[in-house]
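A quick write-up on the structure given underneath.
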Amino acid sequence: MANERWVFVIKVHDKPGALTAIASVFSSRGVSVDTTLGSSAAGLLEAPSTIVLSFHATERKKETLLRTLARLQQVVQVEAYPYTARELRSIAIVRVTPDEKIAELPREVHTEIISESGDSKTVLLTGATRAVDRAVHSLHERGTLKDVVATVMAV
């Protein structure tokens with residue numbers, strides 16, 4: 001069975017140890033997390049926080065992770081998505097050389113220049129997971145990519 005890329009959207013009680021318990025489930029099964037995104041509804045009454053994780057695993061291992069996470073005391077709900085699901089969007093912040101032609105990136109990727117300095121510019125890329133991945137890969141191939149931070153979110 002081949003590894004595929006998956007995304008879990010995990011609703012948790014916002015208490016110390018929640019992320020540690022989740023990380024332990026992945027670690028003890030030999031699965032490395034690719035990206036992590038967390039959001040807290042700390043100001044809202046009793047609302048759970050959200051942790052979004054992407055990772056590579058076989059279908060069988062993904063199901064094992066899903067069942068194990070759902071049994072954790074800290075976890076309220078877990079939803080699993082294939083990385084290419086329509087419900088997912090990627091967000092990447094890239095630092096590129098100042099001469100990079102951002103307009104030449106795929107049309108399905110929304111771009112916004114965040115800042116420019118003498119030696120680089122910082123750009124926000126958003127869109128479907130595969131489209132943003134292709135855009136980052138294209139920047140790398142052109143030799144203009146200096147740094148990247150990326151994650152996935154469910155919409």
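Each chain of the structure tokens is named A, B, ... in the order shown, its residues numbered from 1; ligands are numbered from 1 in display order.
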Would you give me, as a tab-separated table, each residue of segment 30-145 of chain A having an atom within 6 Å of an atom of segment 10-22 of chain A, along with its shortest atom pair and that distance in Å to one decimal, using only C-alpha atoms and sorting by chain and residue number?
```
residue	atom	partner	partner_atom	distance
A:Pro48	CA	A:His13	CA	5.1
A:Ser49	CA	A:Val12	CA	5.3
A:Thr50	CA	A:Lys11	CA	4.6
A:Ile51	CA	A:Ile10	CA	5.1
A:Gln74	CA	A:His13	CA	5.4
A:Val75	CA	A:Val12	CA	4.4
A:Val76	CA	A:Val12	CA	5.2
A:Gln77	CA	A:Lys11	CA	5.1
A:Val78	CA	A:Ile10	CA	4.5
```
With only C-alpha atoms as the basis for distance, which of A:Glu79, A:Asp133, A:Glu108, A:Asp99 is at the shortest distance from Leu65 of chain A?
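Between A:Glu79, A:Asp133, A:Glu108, A:Asp99, the residue approaching Leu65 of chain A most closely is A:Glu79.
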Which polymer residues have any atom within 12 Å of an atom of Leu139 of chain A, counting only C-alpha atoms, with same-chain residues fewer than 5 positions away left out, as a list in words?
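The neighbour list is Val94, Arg95, Val96, Thr97, Asp99, Glu100, Lys101, Ile102, Ala103, Glu104, Leu105, Pro106, Val123, Leu125, Val132, Asp133, Arg134, Thr144, Leu145, Lys146, Asp147 and Val148 of chain A.
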Using only C-alpha atoms for the distances, tell me which of A:Leu124, A:Val136, A:Ala23, A:Ala2 is nearest to Thr68 of chain A.
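Result for the nearest residue to Thr68 of chain A: A:Ala23.
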List as a ChimeraX atom specification the protein and nucleic acid residues near segment 81-85 of chain A, meaning an atom at most 8 Å away when only C-alpha atoms are counted, but skip any in the same chain fewer than 2 places from it.
/A:4-8,54,79,87-88,128-130
Backbone DSSP call of alpha helix (DSSP H) for chain A, listed as a compact mmCIF listing (two decimals) with C-alpha atoms, in the first residue's frame:
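Contents of states.txt, freshly written:
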```
# COMPACT_ATOMS: atom_id res chain seq x y z
CA ALA A 18 -3.95 18.31 23.97
CA LEU A 19 -1.31 18.84 21.29
CA THR A 20 1.15 16.61 23.14
CA ALA A 21 -1.38 13.76 23.24
CA ILE A 22 -2.08 14.13 19.52
CA ALA A 23 1.62 14.29 18.65
CA SER A 24 2.21 11.15 20.71
CA VAL A 25 -0.37 9.23 18.65
CA PHE A 26 1.51 10.09 15.45
CA SER A 27 4.97 9.54 16.93
CA SER A 28 4.19 6.15 18.43
CA GLU A 59 -5.08 4.29 4.07
CA ARG A 60 -4.85 1.65 6.79
CA LYS A 61 -2.51 3.69 8.99
CA LYS A 62 -4.68 6.80 8.46
CA GLU A 63 -7.70 4.85 9.74
CA THR A 64 -5.72 3.65 12.78
CA LEU A 65 -4.67 7.23 13.56
CA LEU A 66 -8.25 8.44 13.13
CA ARG A 67 -9.68 5.83 15.53
CA THR A 68 -6.94 6.39 18.10
CA LEU A 69 -7.30 10.18 18.05
CA ALA A 70 -11.10 9.95 18.37
CA THR A 129 -3.65 22.44 -2.22
CA ARG A 130 -2.15 21.11 -5.45
CA ALA A 131 -2.16 24.55 -7.12
CA VAL A 132 -0.21 26.17 -4.28
CA ASP A 133 2.18 23.20 -4.20
CA ARG A 134 2.79 23.64 -7.95
CA ALA A 135 3.39 27.38 -7.50
CA VAL A 136 5.96 26.80 -4.73
CA HIS A 137 7.64 24.08 -6.80
CA SER A 138 7.75 26.44 -9.80
CA LEU A 139 9.45 29.15 -7.71
CA HIS A 140 11.98 26.57 -6.53
CA GLU A 141 12.68 25.39 -10.08
CA ARG A 142 13.19 28.98 -11.26
```
So how far away is atom CA of Asp34 of chain A from atom CA of Glu116 of chain A, in Å?
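Atom CA of Glu116 of chain A sits 28.1 Å away from atom CA of Asp34 of chain A.
Atom to atom, atom CA of Thr126 of chain A and atom CA of Ile114 of chain A stand 12.9 Å apart.
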To one decimal place, how far is atom CA of Val109 of chain A from atom CA of Ser90 of chain A in Å?
9.5 Å
Neighbouring residues of Val149 of chain A were defined as those with any atom within 9 Å, considering only C-alpha atoms; residues of the same chain fewer than 4 positions away were excluded. Please report them as JSON, numbers by chain.
{"A": [91, 92, 93, 94]}
How would the residues just chosen look if you wrote them out with N, CA and C atoms as a JSON list (two decimals), in the first residue's frame?
```
[["chain", "number", "residue", "atom", "x", "y", "z"],
["A", 91, "ILE", "N", -2.14, 27.56, 2.24],
["A", 91, "ILE", "CA", -1.65, 28.91, 2.47],
["A", 91, "ILE", "C", -0.13, 28.79, 2.52],
["A", 92, "ALA", "N", 0.55, 29.60, 1.73],
["A", 92, "ALA", "CA", 2.01, 29.60, 1.77],
["A", 92, "ALA", "C", 2.50, 31.05, 1.80],
["A", 93, "ILE", "N", 3.46, 31.29, 2.64],
["A", 93, "ILE", "CA", 4.15, 32.58, 2.64],
["A", 93, "ILE", "C", 5.54, 32.29, 2.12],
["A", 94, "VAL", "N", 5.87, 32.90, 0.99],
["A", 94, "VAL", "CA", 7.15, 32.64, 0.36],
["A", 94, "VAL", "C", 7.99, 33.91, 0.35]]
```
When you count only C-alpha atoms, which of these residues is closest to His56 of chain A: A:Ala80, A:Leu72, A:Val31, A:Val9?
A:Val31
